[in-house]
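As provided, structure.txt (compact mmCIF, C-alpha atoms) reads as follows.
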```
# COMPACT_ATOMS: atom_id res chain seq x y z
CA MET A 20 -37.03 -15.04 25.75
CA ALA A 21 -33.29 -15.23 26.18
CA GLN A 22 -31.47 -13.13 23.63
CA ILE A 23 -28.16 -13.26 21.85
CA HIS A 24 -26.04 -10.25 20.95
CA LEU A 25 -25.69 -9.92 17.20
CA GLU A 26 -22.93 -7.92 15.60
CA VAL A 27 -22.35 -7.46 11.89
CA VAL A 28 -19.02 -5.80 11.18
CA THR A 29 -17.73 -4.70 7.77
CA PRO A 30 -14.44 -3.02 6.83
CA SER A 31 -16.28 0.31 6.71
CA GLY A 32 -17.68 -0.06 10.21
CA PRO A 33 -20.28 -1.97 12.24
CA VAL A 34 -23.71 -2.35 10.63
CA VAL A 35 -25.72 -4.04 13.37
CA SER A 36 -25.13 -4.26 17.10
CA GLU A 37 -28.25 -5.48 18.81
CA ASP A 38 -29.71 -8.11 21.17
CA VAL A 39 -31.92 -10.41 19.14
CA ASP A 40 -33.99 -13.56 19.59
CA VAL A 41 -32.67 -15.60 16.68
CA VAL A 42 -30.26 -15.18 13.79
CA THR A 43 -30.41 -17.10 10.52
CA ALA A 44 -27.39 -16.95 8.24
CA PRO A 45 -26.18 -18.40 4.92
CA GLY A 46 -23.29 -20.64 5.97
CA THR A 47 -21.03 -22.16 3.34
CA GLY A 48 -22.34 -25.55 4.38
CA GLY A 49 -25.98 -24.47 4.33
CA GLU A 50 -28.26 -22.11 6.17
CA PHE A 51 -28.15 -22.23 9.94
CA GLY A 52 -29.82 -20.58 12.90
CA VAL A 53 -28.29 -19.35 16.13
CA LEU A 54 -30.24 -18.97 19.37
CA ALA A 55 -29.17 -17.61 22.73
CA ASN A 56 -26.41 -19.48 24.56
CA HIS A 57 -25.28 -21.37 21.51
CA ALA A 58 -22.08 -23.39 21.93
CA PRO A 59 -18.99 -21.54 20.62
CA PHE A 60 -18.38 -22.21 16.95
CA LEU A 61 -16.85 -20.71 13.86
CA THR A 62 -17.90 -21.02 10.26
CA THR A 63 -17.67 -19.28 6.92
CA ILE A 64 -20.47 -17.35 5.26
CA LYS A 65 -21.33 -17.19 1.59
CA PRO A 66 -23.10 -14.25 -0.07
CA GLY A 67 -26.78 -14.34 0.80
CA THR A 68 -29.41 -13.15 3.23
CA LEU A 69 -28.91 -12.87 6.94
CA SER A 70 -32.05 -12.42 8.99
CA TYR A 71 -32.75 -11.84 12.63
CA LYS A 72 -35.89 -11.80 14.70
CA LYS A 73 -36.53 -9.43 17.52
CA ASP A 74 -39.93 -8.93 19.20
CA ARG A 75 -41.66 -10.71 16.30
CA ASP A 76 -40.11 -8.34 13.75
CA THR A 77 -37.79 -9.89 11.23
CA THR A 78 -35.01 -7.82 9.66
CA TYR A 79 -33.22 -8.90 6.49
CA LEU A 80 -29.68 -8.02 5.58
CA MET A 81 -27.64 -8.77 2.50
CA VAL A 82 -24.20 -10.08 3.41
CA SER A 83 -21.27 -10.87 1.15
CA GLY A 84 -18.74 -13.53 1.98
CA GLY A 85 -17.02 -13.70 5.34
CA PHE A 86 -17.27 -15.65 8.54
CA VAL A 87 -19.03 -15.78 11.88
CA GLU A 88 -17.78 -16.40 15.36
CA VAL A 89 -20.21 -17.43 18.09
CA SER A 90 -19.04 -17.33 21.70
CA ASN A 91 -20.16 -15.97 25.07
CA ASN A 92 -23.68 -15.48 23.79
CA ARG A 93 -22.43 -13.19 21.02
CA ALA A 94 -22.60 -13.80 17.31
CA THR A 95 -20.06 -11.69 15.43
CA PHE A 96 -20.32 -11.68 11.66
CA LEU A 97 -17.32 -10.38 9.75
CA VAL A 98 -18.34 -9.76 6.17
CA GLU A 99 -16.85 -7.71 3.36
CA SER A 100 -20.07 -5.81 2.82
CA SER A 101 -23.58 -5.71 4.19
CA GLU A 102 -26.75 -3.82 3.40
CA PHE A 103 -30.23 -3.66 4.93
CA GLY A 104 -32.90 -5.18 2.76
CA THR A 105 -34.84 -1.93 2.84
CA ALA A 106 -31.84 -0.01 1.46
CA ILE A 107 -31.20 -2.22 -1.54
CA ASP A 108 -31.48 -0.70 -4.99
CA VAL A 109 -33.08 -3.60 -6.88
CA GLU A 110 -32.73 -1.94 -10.29
CA ARG A 111 -29.03 -1.61 -9.77
CA ALA A 112 -28.67 -5.16 -8.50
CA LEU A 113 -30.54 -6.48 -11.54
CA LYS A 114 -28.24 -4.54 -13.83
CA ALA A 115 -25.19 -5.82 -11.96
CA LYS A 116 -26.51 -9.36 -12.33
CA GLU A 117 -27.00 -8.94 -16.08
CA ARG A 118 -23.54 -7.47 -16.47
CA ALA A 119 -21.95 -10.29 -14.50
CA GLU A 120 -23.83 -12.89 -16.54
CA ARG A 121 -22.75 -11.26 -19.77
CA ARG A 122 -19.15 -11.26 -18.62
CA LEU A 123 -19.31 -14.90 -17.63
CA ALA A 124 -20.76 -15.74 -21.04
CA GLN A 125 -17.82 -13.96 -22.64
CA VAL A 126 -15.41 -15.93 -20.47
CA ALA A 127 -17.12 -19.14 -21.58
CA GLN A 128 -16.43 -18.10 -25.18
CA GLY A 129 -12.75 -17.80 -24.39
CA ASP A 130 -12.36 -14.08 -23.70
CA GLU A 131 -9.26 -13.91 -21.53
CA HIS A 132 -9.46 -10.23 -20.67
CA ILE A 133 -12.23 -10.81 -18.19
CA ASN A 134 -11.54 -11.85 -14.67
CA ARG A 135 -13.75 -14.88 -14.12
CA ILE A 136 -13.39 -14.97 -10.33
CA ARG A 137 -14.37 -11.34 -10.10
CA ALA A 138 -17.37 -11.76 -12.38
CA GLU A 139 -18.56 -14.75 -10.39
CA ALA A 140 -18.24 -12.87 -7.12
CA ALA A 141 -20.16 -9.95 -8.60
CA LEU A 142 -22.90 -12.32 -9.74
CA HIS A 143 -23.19 -13.87 -6.29
CA ARG A 144 -23.39 -10.49 -4.63
CA ALA A 145 -26.02 -9.26 -7.06
CA MET A 146 -28.11 -12.39 -6.51
CA ALA A 147 -27.77 -12.02 -2.74
CA ARG A 148 -29.03 -8.44 -3.04
CA ILE A 149 -31.99 -9.38 -5.20
CA GLN A 150 -32.92 -12.28 -2.94
CA THR A 151 -32.66 -10.12 0.18
CA ALA A 152 -34.76 -7.35 -1.30
CA HIS A 153 -37.34 -9.92 -2.33
CA LYS A 154 -37.54 -11.40 1.16
CA THR A 155 -37.84 -7.97 2.71
CA LYS A 156 -40.91 -7.19 0.62
CA LEU A 157 -42.72 -10.42 1.45
CA MET B 673 19.59 46.66 -8.19
CA PRO B 674 16.48 45.00 -9.69
CA GLY B 675 13.86 47.30 -11.08
CA LEU B 676 10.86 48.27 -8.96
CA LYS B 677 8.41 46.61 -11.27
CA ASP B 678 10.29 43.28 -11.31
CA VAL B 679 10.26 43.09 -7.55
CA LYS B 680 6.56 43.96 -7.41
CA ASN B 681 5.77 41.19 -9.94
CA LYS B 682 7.75 38.69 -7.98
CA ILE B 683 5.91 39.58 -4.78
CA ASN B 684 2.55 39.18 -6.52
CA GLY B 685 3.59 35.82 -7.91
CA ILE B 686 4.73 34.48 -4.57
CA THR B 687 1.60 35.75 -2.85
CA LYS B 688 -0.44 33.68 -5.29
CA THR B 689 1.72 30.61 -4.68
CA ALA B 690 1.25 31.07 -0.94
CA GLN B 691 -2.51 31.18 -1.47
CA ILE B 692 -2.41 27.91 -3.36
CA THR B 693 -0.20 26.11 -0.84
CA LYS B 694 -2.40 27.33 1.99
CA THR B 695 -5.51 26.01 0.25
CA MET B 696 -3.79 22.69 -0.43
CA TYR B 697 -2.93 22.53 3.25
CA MET B 698 -6.56 22.95 4.19
CA VAL B 699 -7.78 20.45 1.63
CA ALA B 700 -5.21 17.92 2.87
CA SER B 701 -6.27 18.42 6.47
CA ALA B 702 -9.91 17.76 5.56
CA LYS B 703 -8.88 14.66 3.61
CA LEU B 704 -6.73 13.49 6.49
CA ARG B 705 -9.73 13.61 8.76
CA SER B 706 -11.76 11.39 6.47
CA ALA B 707 -8.79 9.05 5.98
CA GLN B 708 -8.45 8.71 9.73
CA LYS B 709 -12.17 8.07 10.04
CA LYS B 710 -11.82 5.29 7.50
CA MET B 711 -9.03 3.77 9.57
CA GLU B 712 -11.12 4.09 12.70
CA ASP B 713 -14.08 2.32 11.05
CA PHE B 714 -11.84 -0.51 9.96
CA ARG B 715 -10.41 -1.19 13.40
CA PRO B 716 -13.22 -3.38 14.85
CA TYR B 717 -13.07 -5.56 11.74
CA THR B 718 -9.29 -6.14 11.88
CA ALA B 719 -9.31 -6.62 15.64
CA LYS B 720 -11.84 -9.43 15.41
CA PHE B 721 -10.21 -10.88 12.32
CA THR B 722 -6.79 -11.08 13.95
CA GLU B 723 -8.32 -12.65 17.04
CA VAL B 724 -9.93 -15.40 14.99
CA MET B 725 -6.79 -15.91 12.91
CA ARG B 726 -4.79 -16.35 16.09
CA GLU B 727 -7.29 -18.88 17.38
CA LEU B 728 -7.15 -20.80 14.11
CA SER B 729 -3.42 -20.73 13.53
CA ALA B 730 -2.31 -21.57 17.06
CA GLY B 731 -0.26 -24.74 17.03
CA ARG B 732 -0.63 -25.02 13.28
CA GLU B 733 3.00 -24.53 12.23
CA ALA B 734 3.40 -28.26 11.71
CA ASP B 735 0.75 -28.79 9.04
CA ALA B 736 1.22 -25.50 7.22
CA GLY B 737 1.89 -27.55 4.08
CA ALA B 738 -1.81 -28.30 3.81
CA LEU B 739 -2.50 -24.65 3.01
CA PRO B 740 -0.92 -23.41 -0.23
CA LEU B 741 -0.88 -19.79 0.92
CA MET B 742 1.21 -20.71 3.95
CA GLU B 743 3.62 -22.93 2.07
CA VAL B 744 7.26 -22.04 2.74
CA ARG B 745 9.50 -22.79 -0.25
CA GLU B 746 13.08 -22.18 -1.15
CA ILE B 747 13.13 -18.53 -2.15
CA LYS B 748 14.17 -17.85 -5.74
CA THR B 749 11.90 -14.95 -6.64
CA VAL B 750 10.71 -12.21 -4.34
CA GLU B 751 7.88 -9.91 -5.26
CA LEU B 752 7.71 -6.46 -3.75
CA LEU B 753 4.28 -4.90 -3.45
CA VAL B 754 4.97 -1.17 -3.26
CA ILE B 755 2.16 1.17 -2.23
CA THR B 756 2.50 4.92 -2.76
CA SER B 757 0.06 7.72 -3.44
CA ASP B 758 -1.17 8.73 -6.88
CA ARG B 759 -0.37 12.39 -6.42
CA GLY B 760 2.75 14.26 -5.54
CA LEU B 761 3.43 17.47 -3.59
CA ALA B 762 3.71 15.50 -0.38
CA GLY B 763 7.31 16.20 0.48
CA SER B 764 9.60 13.19 0.49
CA PHE B 765 6.80 10.78 1.41
CA ASN B 766 6.69 8.82 -1.84
CA SER B 767 10.41 8.97 -2.57
CA ASN B 768 11.11 7.54 0.88
CA ILE B 769 8.91 4.54 0.12
CA ILE B 770 10.51 4.07 -3.28
CA ARG B 771 13.98 4.33 -1.76
CA ALA B 772 13.12 1.72 0.87
CA ALA B 773 11.89 -0.58 -1.91
CA GLU B 774 15.07 -0.05 -3.91
CA ARG B 775 17.17 -0.86 -0.88
CA LEU B 776 15.24 -4.07 -0.38
CA ARG B 777 15.65 -4.97 -4.03
CA LYS B 778 19.42 -4.56 -3.84
CA GLN B 779 19.53 -6.63 -0.69
CA TYR B 780 17.57 -9.48 -2.28
CA GLU B 781 19.57 -9.33 -5.48
CA ALA B 782 22.79 -9.51 -3.48
CA GLU B 783 21.42 -12.73 -2.01
CA GLY B 784 21.00 -14.03 -5.55
CA LYS B 785 17.21 -13.78 -5.63
CA LYS B 786 15.16 -12.48 -8.52
CA VAL B 787 12.93 -9.53 -7.78
CA SER B 788 9.68 -8.41 -9.40
CA PHE B 789 7.38 -5.52 -8.56
CA VAL B 790 3.67 -4.92 -8.22
CA THR B 791 2.87 -1.29 -7.60
CA VAL B 792 -0.11 0.62 -6.29
CA GLY B 793 -0.24 4.36 -6.88
CA LYS B 794 1.11 6.40 -9.78
CA LYS B 795 4.32 7.41 -8.06
CA ALA B 796 5.65 3.90 -7.55
CA THR B 797 4.31 2.78 -10.93
CA ARG B 798 6.12 5.54 -12.80
CA TYR B 799 9.38 4.77 -11.04
CA PHE B 800 9.38 0.99 -11.28
CA ARG B 801 8.15 0.89 -14.84
CA LYS B 802 11.58 2.18 -15.81
CA THR B 803 13.30 -0.75 -14.12
CA GLY B 804 11.50 -3.21 -16.40
CA MET B 805 10.70 -5.41 -13.41
CA LEU B 806 7.11 -4.29 -13.06
CA ARG B 807 4.70 -7.21 -13.24
CA ALA B 808 1.43 -5.47 -12.49
CA HIS B 809 0.26 -2.05 -11.39
CA PHE B 810 -2.81 -0.36 -9.97
CA THR B 811 -3.23 3.38 -10.35
CA ASP B 812 -5.86 6.04 -9.74
CA ILE B 813 -7.46 4.15 -6.91
CA MET B 814 -5.83 5.79 -3.91
CA ALA B 815 -8.30 8.68 -3.81
CA ALA B 816 -11.35 6.53 -3.03
CA PHE B 817 -10.44 2.88 -2.69
CA GLN B 818 -12.58 0.16 -1.20
CA MET B 819 -12.17 -3.41 -0.11
CA PHE B 820 -12.64 -4.72 -3.64
CA ASN B 821 -9.57 -2.79 -4.80
CA ALA B 822 -7.52 -4.55 -2.15
CA ARG B 823 -9.06 -7.84 -3.29
CA ASP B 824 -7.91 -7.26 -6.89
CA ILE B 825 -4.39 -6.53 -5.72
CA ALA B 826 -4.36 -9.56 -3.43
CA GLN B 827 -5.51 -11.68 -6.33
CA ALA B 828 -2.68 -10.43 -8.53
CA VAL B 829 -0.01 -11.36 -6.00
CA THR B 830 -1.55 -14.66 -4.92
CA THR B 831 -1.97 -15.94 -8.46
CA ALA B 832 1.77 -15.56 -9.04
CA PHE B 833 2.59 -17.06 -5.66
CA LEU B 834 0.37 -20.10 -6.17
CA SER B 835 1.71 -20.76 -9.65
CA GLY B 836 5.24 -20.75 -8.23
CA GLU B 837 6.23 -17.66 -10.19
CA THR B 838 7.09 -15.97 -6.91
CA ASP B 839 8.13 -17.60 -3.64
CA GLN B 840 7.79 -14.67 -1.29
CA VAL B 841 5.90 -11.38 -1.29
CA ASP B 842 6.79 -8.35 0.80
CA ILE B 843 4.66 -5.27 1.13
CA ILE B 844 6.18 -1.78 1.40
CA TYR B 845 4.01 1.17 2.33
CA GLY B 846 4.03 4.45 4.25
CA LYS B 847 2.91 3.90 7.80
CA PHE B 848 1.11 6.63 9.67
CA TYR B 849 2.72 7.05 13.09
CA SER B 850 1.54 10.57 13.82
CA MET B 851 0.83 13.89 12.16
CA ALA B 852 4.57 14.55 12.06
CA ILE B 853 5.95 11.08 11.41
CA GLN B 854 5.25 8.80 8.47
CA LYS B 855 7.80 6.13 7.69
CA PRO B 856 8.20 3.42 5.06
CA GLU B 857 7.28 0.07 6.53
CA VAL B 858 8.17 -3.39 5.20
CA GLU B 859 6.07 -6.41 6.09
CA ALA B 860 6.06 -10.01 4.92
CA LEU B 861 2.84 -10.83 3.09
CA LEU B 862 3.27 -14.28 1.55
CA PRO B 863 3.66 -17.02 2.56
CA ILE B 864 1.27 -16.12 5.33
CA GLN B 865 2.81 -16.67 8.71
CA PRO B 866 0.73 -18.04 11.53
CA VAL B 867 -0.53 -15.18 13.68
CA VAL B 868 1.01 -15.52 17.10
CA ALA B 869 -0.19 -13.97 20.28
CA ASN B 870 1.47 -10.75 21.40
CA THR B 871 4.60 -11.27 23.43
CA ASP B 872 3.08 -9.31 26.29
CA ASN B 873 0.46 -12.04 26.37
CA ALA B 874 3.04 -14.76 26.83
CA ALA B 875 0.65 -16.92 28.76
CA ASP B 876 -1.69 -17.13 25.75
CA ALA B 877 1.16 -18.04 23.45
CA ILE B 878 2.18 -21.01 25.53
CA ALA B 879 -1.35 -22.20 26.05
CA GLY B 880 -1.70 -22.96 22.31
CA PRO B 881 -5.09 -23.68 20.79
CA THR B 882 -7.81 -23.10 23.31
CA GLY B 883 -10.04 -25.61 21.60
CA ALA B 884 -12.99 -23.56 22.73
CA TYR B 885 -14.63 -23.54 19.30
CA SER B 886 -16.16 -26.15 17.16
CA PHE B 887 -15.37 -25.49 13.52
CA GLU B 888 -17.83 -25.98 10.73
CA PRO B 889 -16.84 -27.74 8.43
CA ASP B 890 -13.32 -28.01 9.96
CA SER B 891 -10.50 -25.65 10.83
CA ASN B 892 -8.51 -26.45 7.68
CA GLU B 893 -11.41 -25.66 5.38
CA ILE B 894 -12.11 -22.47 7.25
CA MET B 895 -8.46 -21.49 6.97
CA THR B 896 -8.58 -22.09 3.22
CA ASP B 897 -11.45 -19.62 2.98
CA LEU B 898 -10.06 -17.17 5.49
CA LEU B 899 -6.47 -16.80 4.29
CA PRO B 900 -7.36 -14.94 1.08
CA LEU B 901 -9.60 -12.64 3.13
CA PHE B 902 -6.73 -12.11 5.54
CA LEU B 903 -4.54 -10.92 2.66
CA ASN B 904 -7.24 -8.50 1.56
CA VAL B 905 -7.36 -7.16 5.09
CA GLN B 906 -3.59 -6.66 5.22
CA ILE B 907 -3.44 -4.92 1.87
CA TYR B 908 -6.47 -2.78 2.64
CA HIS B 909 -4.87 -1.81 5.92
CA ALA B 910 -1.63 -0.80 4.18
CA MET B 911 -3.65 1.30 1.73
CA LEU B 912 -5.43 3.04 4.59
CA GLU B 913 -2.09 3.83 6.19
CA VAL B 914 -0.78 5.25 2.92
CA GLY B 915 -3.97 7.27 2.47
CA ALA B 916 -3.60 8.94 5.86
CA SER B 917 0.19 9.36 5.65
CA GLU B 918 -0.06 10.96 2.24
CA GLN B 919 -2.38 13.67 3.52
CA ALA B 920 -0.34 14.25 6.67
CA ALA B 921 2.87 14.49 4.62
CA ARG B 922 1.18 16.90 2.25
CA MET B 923 0.00 19.05 5.14
CA THR B 924 3.56 19.32 6.46
CA ALA B 925 4.96 20.01 2.99
CA MET B 926 2.36 22.66 2.24
CA ASP B 927 2.76 24.28 5.64
CA ASN B 928 6.51 24.56 5.04
CA ALA B 929 5.90 25.93 1.56
CA THR B 930 3.52 28.57 2.89
CA LYS B 931 6.08 29.59 5.52
CA ALA B 932 8.84 29.78 2.90
CA CYS B 933 6.58 31.96 0.74
CA LYS B 934 5.93 34.30 3.64
CA ASP B 935 9.66 34.62 4.34
CA MET B 936 10.33 35.41 0.71
CA ILE B 937 7.54 37.96 0.60
CA ARG B 938 9.01 39.67 3.67
CA GLU B 939 12.47 39.86 2.15
CA LEU B 940 11.20 41.01 -1.21
CA THR B 941 9.01 43.65 0.39
CA GLN B 942 12.07 45.01 2.14
CA LEU B 943 13.97 45.01 -1.12
CA TYR B 944 11.05 46.70 -2.81
CA ASN B 945 10.85 49.40 -0.14
CA LYS B 946 14.59 50.02 -0.39
CA ALA B 947 14.41 50.30 -4.16
CA ARG B 948 11.42 52.60 -3.93
CA GLN B 949 13.19 54.78 -1.35
CA ALA B 950 16.30 54.91 -3.56
CA ALA B 951 14.15 55.98 -6.50
CA VAL B 952 12.45 58.70 -4.44
CA THR B 953 15.80 59.96 -3.16
CA ASN B 954 17.21 60.02 -6.67
CA GLU B 955 14.25 61.96 -7.96
CA LEU B 956 14.51 64.44 -5.10
CA LEU B 957 18.19 64.88 -5.79
CA ASP B 958 17.37 65.57 -9.42
CA ILE B 959 14.76 68.15 -8.51
CA VAL B 960 16.98 69.83 -5.94
CA GLY B 961 19.89 69.76 -8.38
CA GLY B 962 17.71 71.26 -11.11
CA ALA B 963 16.46 74.03 -8.80
CA GLU B 964 20.01 74.81 -7.73
CA ALA B 965 21.05 75.05 -11.37
CA LEU B 966 18.18 77.44 -12.16
CA LYS B 967 19.06 79.65 -9.20
CA GLY B 968 22.67 79.86 -10.33
```

Rendering of file as structure tokens:
Amino acid sequence: MAQIHLEVVTPSGPVVSEDVDVVTAPGTGGEFGVLANHAPFLTTIKPGTLSYKKDRDTTYLMVSGGFVEVSNNRATFLVESSEFGTAIDVERALKAKERAERRLAQVAQGDEHINRIRAEAALHRAMARIQTAHKTKL
Amino acid sequence: MPGLKDVKNKINGITKTAQITKTMYMVASAKLRSAQKKMEDFRPYTAKFTEVMRELSAGREADAGALPLMEVREIKTVELLVITSDRGLAGSFNSNIIRAAERLRKQYEAEGKKVSFVTVGKKATRYFRKTGMLRAHFTDIMAAFQMFNARDIAQAVTTAFLSGETDQVDIIYGKFYSMAIQKPEVEALLPIQPVVANTDNAADAIAGPTGAYSFEPDSNEIMTDLLPLFLNVQIYHAMLEVGASEQAARMTAMDNATKACKDMIRELTQLYNKARQAAVTNELLDIVGGAEALKG
């Protein structure tokens, strides 16, 4: 089967650089898949689970927001952070989720000291981690 | 002539100082290595990011008004984002950055513009707090900062820019040119200017948008999402530069200090030996004189 080169790059270095069969990613406009020789396109990514299949094995990765560029049979994901599903600390993610929810509740009650945008982003990241870890285990 | 004991104490003291400066030199060199590694790791990300930004912003000057972060207004207030280190003992590294910022402030004020400051790092914060023009500050993050720190800073400057409180934002930081050279660098941050192709790639610049990509949903929406990220990237990059420059500047400063200590120790040792010799001679003279007197 024809393959596509997948690259996941974060500010602290590349995470994945591999030829894969198919990539599925959480686009801002909905989940999408990329196969070999896809037409060049560019879209933004929201926090969620990126997965790729290679020789029947599926690997799951948590990605935070960013974007993807597909061209010349390469899919390059630029995300602010990324983590393999197997490396996710679920306990920590759950705690982060609770904390973010608590903060958002405080914002809803009119607490102005809390940065709403930051709390929301933290919540999305935590949920992406939990979801990714969950998918990895299945 | 200083007493023997005083000179000896001084030598001991300076030897200890030399030990400390030498250790600081070694610590700084280890930290510089990790700071450079961090810069190295970041390079693929920025390279790709800039490439995509160029693709997206080509031929876009006309409709820049559609994107608030690119909006060019009449400039009444300029914000200076000054990035220094948290810690001192790095020679004139931080004061050079602060001086460059002051110069810029005077220049803007002479043009009749209002200036406000956002600082990163204790050194800049301490200095600009006194001016009463400090709008926000971020300290104690330079030792181990990450992308989210840059995001917080970007948010602080964009909020003011979008609300019209500021019309332009410049960033001032210490750029790492080499082990020996670190210089203050000023760059325009907001409004974001379209990224143009390098001049040595003139052919690309003329060609305009390649139109090779299809954008999902469309290029404007993608730009809206990408521009804030682009700011984070620029600020993070400046912080990386400051991180590396700080350590390199400290290495130079500490190396000079160690050398100065060694020179002083050499001089003082000579002085000590002279004083000791004088004391020995005096004692001998006393003894000889005494013996002569007894003989008499």

8 Å contacts from chain B to chain A using only C-alpha atoms, as an mmCIF file with C-alpha atoms, in the frame of the given file:
```cif
data_model
loop_
_atom_site.group_PDB
_atom_site.id
_atom_site.type_symbol
_atom_site.label_atom_id
_atom_site.label_comp_id
_atom_site.auth_asym_id
_atom_site.auth_seq_id
_atom_site.Cartn_x
_atom_site.Cartn_y
_atom_site.Cartn_z
ATOM 1 C CA LYS B 710 -11.820 5.290 7.500
ATOM 2 C CA ASP B 713 -14.080 2.320 11.050
ATOM 3 C CA PHE B 714 -11.840 -0.510 9.960
ATOM 4 C CA ARG B 715 -10.410 -1.190 13.400
ATOM 5 C CA PRO B 716 -13.220 -3.380 14.850
ATOM 6 C CA TYR B 717 -13.070 -5.560 11.740
ATOM 7 C CA THR B 718 -9.290 -6.140 11.880
ATOM 8 C CA LYS B 720 -11.840 -9.430 15.410
ATOM 9 C CA PHE B 721 -10.210 -10.880 12.320
ATOM 10 C CA VAL B 724 -9.930 -15.400 14.990
ATOM 11 C CA MET B 819 -12.170 -3.410 -0.110
ATOM 12 C CA ALA B 884 -12.990 -23.560 22.730
ATOM 13 C CA TYR B 885 -14.630 -23.540 19.300
ATOM 14 C CA SER B 886 -16.160 -26.150 17.160
ATOM 15 C CA PHE B 887 -15.370 -25.490 13.520
ATOM 16 C CA GLU B 888 -17.830 -25.980 10.730
ATOM 17 C CA PRO B 889 -16.840 -27.740 8.430
ATOM 18 C CA ILE B 894 -12.110 -22.470 7.250
ATOM 19 C CA ASP B 897 -11.450 -19.620 2.980
ATOM 20 C CA LEU B 898 -10.060 -17.170 5.490
ATOM 21 C CA LEU B 901 -9.600 -12.640 3.130
#
```

May I have the residues within 10 Å of Ala55 (chain A) as a CSV table (one decimal) with C-alpha atoms, keeping the file's coordinate frame, using all atoms listed in the file and disregarding those fewer than 2 positions away in the same chain?
```csv
chain,number,residue,atom,x,y,z
A,20,MET,CA,-37.0,-15.0,25.8
A,21,ALA,CA,-33.3,-15.2,26.2
A,22,GLN,CA,-31.5,-13.1,23.6
A,23,ILE,CA,-28.2,-13.3,21.8
A,24,HIS,CA,-26.0,-10.2,21.0
A,38,ASP,CA,-29.7,-8.1,21.2
A,39,VAL,CA,-31.9,-10.4,19.1
A,40,ASP,CA,-34.0,-13.6,19.6
A,41,VAL,CA,-32.7,-15.6,16.7
A,42,VAL,CA,-30.3,-15.2,13.8
A,53,VAL,CA,-28.3,-19.4,16.1
A,57,HIS,CA,-25.3,-21.4,21.5
A,58,ALA,CA,-22.1,-23.4,21.9
A,91,ASN,CA,-20.2,-16.0,25.1
A,92,ASN,CA,-23.7,-15.5,23.8
A,93,ARG,CA,-22.4,-13.2,21.0
A,94,ALA,CA,-22.6,-13.8,17.3
```

Option closest in space to Gly52 (chain A), from A:Arg118, A:Gln125, A:Ser70, A:Thr105 [counting all atoms listed in the file]: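 That would be A:Ser70, the residue with the smallest distance to Gly52 (chain A).
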
Nearest residue to Pro900 (chain B) from the set B:Thr930, B:Thr693, B:Thr831, B:Ser729 (distances using all atoms listed in the file): B:Thr831

Nearest to Ala124 (chain A) by atom-to-atom distance, counting all atoms listed in the file, from A:Glu139, A:Glu110, A:Asp76, A:Glu26: A:Glu139

For CA of Asn892 (chain B) and CA of Ser101 (chain A), the interatomic separation in Å (one decimal): 25.9 Å

Atomic separation - CA of Ala815 (chain B) relative to CA of Glu751 (chain B), Å: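 Separation of CA of Glu751 (chain B) and CA of Ala815 (chain B): 24.7 Å.
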
Coordinates-based distance that separates CA of Asn821 (chain B) from CA of Ala141 (chain A) (Å, one decimal):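 Interatomic distance here is 13.3 Å.
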
Which residue of B:Arg823, B:Glu859, B:Ala921, B:Val952 approaches Ala140 (chain A) most closely, using only C-alpha atoms: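 When distances to Ala140 (chain A) are compared using only C-alpha atoms, the smallest one comes from B:Arg823.
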
Residues within 12 Å of Ile149 (chain A), all atoms listed in the file, excluding chain neighbours under 4 positions, as a CSV table (one decimal) with C-alpha atoms, keeping the file's coordinate frame:
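Now in result36.csv:
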```
chain,number,residue,atom,x,y,z
A,66,PRO,CA,-23.1,-14.2,-0.1
A,67,GLY,CA,-26.8,-14.3,0.8
A,68,THR,CA,-29.4,-13.2,3.2
A,79,TYR,CA,-33.2,-8.9,6.5
A,80,LEU,CA,-29.7,-8.0,5.6
A,81,MET,CA,-27.6,-8.8,2.5
A,82,VAL,CA,-24.2,-10.1,3.4
A,102,GLU,CA,-26.8,-3.8,3.4
A,103,PHE,CA,-30.2,-3.7,4.9
A,104,GLY,CA,-32.9,-5.2,2.8
A,105,THR,CA,-34.8,-1.9,2.8
A,106,ALA,CA,-31.8,0.0,1.5
A,107,ILE,CA,-31.2,-2.2,-1.5
A,108,ASP,CA,-31.5,-0.7,-5.0
A,109,VAL,CA,-33.1,-3.6,-6.9
A,110,GLU,CA,-32.7,-1.9,-10.3
A,111,ARG,CA,-29.0,-1.6,-9.8
A,112,ALA,CA,-28.7,-5.2,-8.5
A,113,LEU,CA,-30.5,-6.5,-11.5
A,114,LYS,CA,-28.2,-4.5,-13.8
A,115,ALA,CA,-25.2,-5.8,-12.0
A,116,LYS,CA,-26.5,-9.4,-12.3
A,117,GLU,CA,-27.0,-8.9,-16.1
A,142,LEU,CA,-22.9,-12.3,-9.7
A,143,HIS,CA,-23.2,-13.9,-6.3
A,144,ARG,CA,-23.4,-10.5,-4.6
A,145,ALA,CA,-26.0,-9.3,-7.1
A,153,HIS,CA,-37.3,-9.9,-2.3
A,154,LYS,CA,-37.5,-11.4,1.2
A,155,THR,CA,-37.8,-8.0,2.7
A,156,LYS,CA,-40.9,-7.2,0.6
```

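By chain and then residue number, the residues within 6 Å of Ile907 (chain B) are Ala822, Asn904 and Ala910 of chain B, counting only C-alpha atoms and disregarding those fewer than 3 positions away in sequence.
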
Put those residues in a file: C-alpha atoms, as a JSON list (two decimals), in the frame of the given file.
```
[["chain", "number", "residue", "atom", "x", "y", "z"],
["B", 822, "ALA", "CA", -7.52, -4.55, -2.15],
["B", 904, "ASN", "CA", -7.24, -8.50, 1.56],
["B", 910, "ALA", "CA", -1.63, -0.80, 4.18]]
```
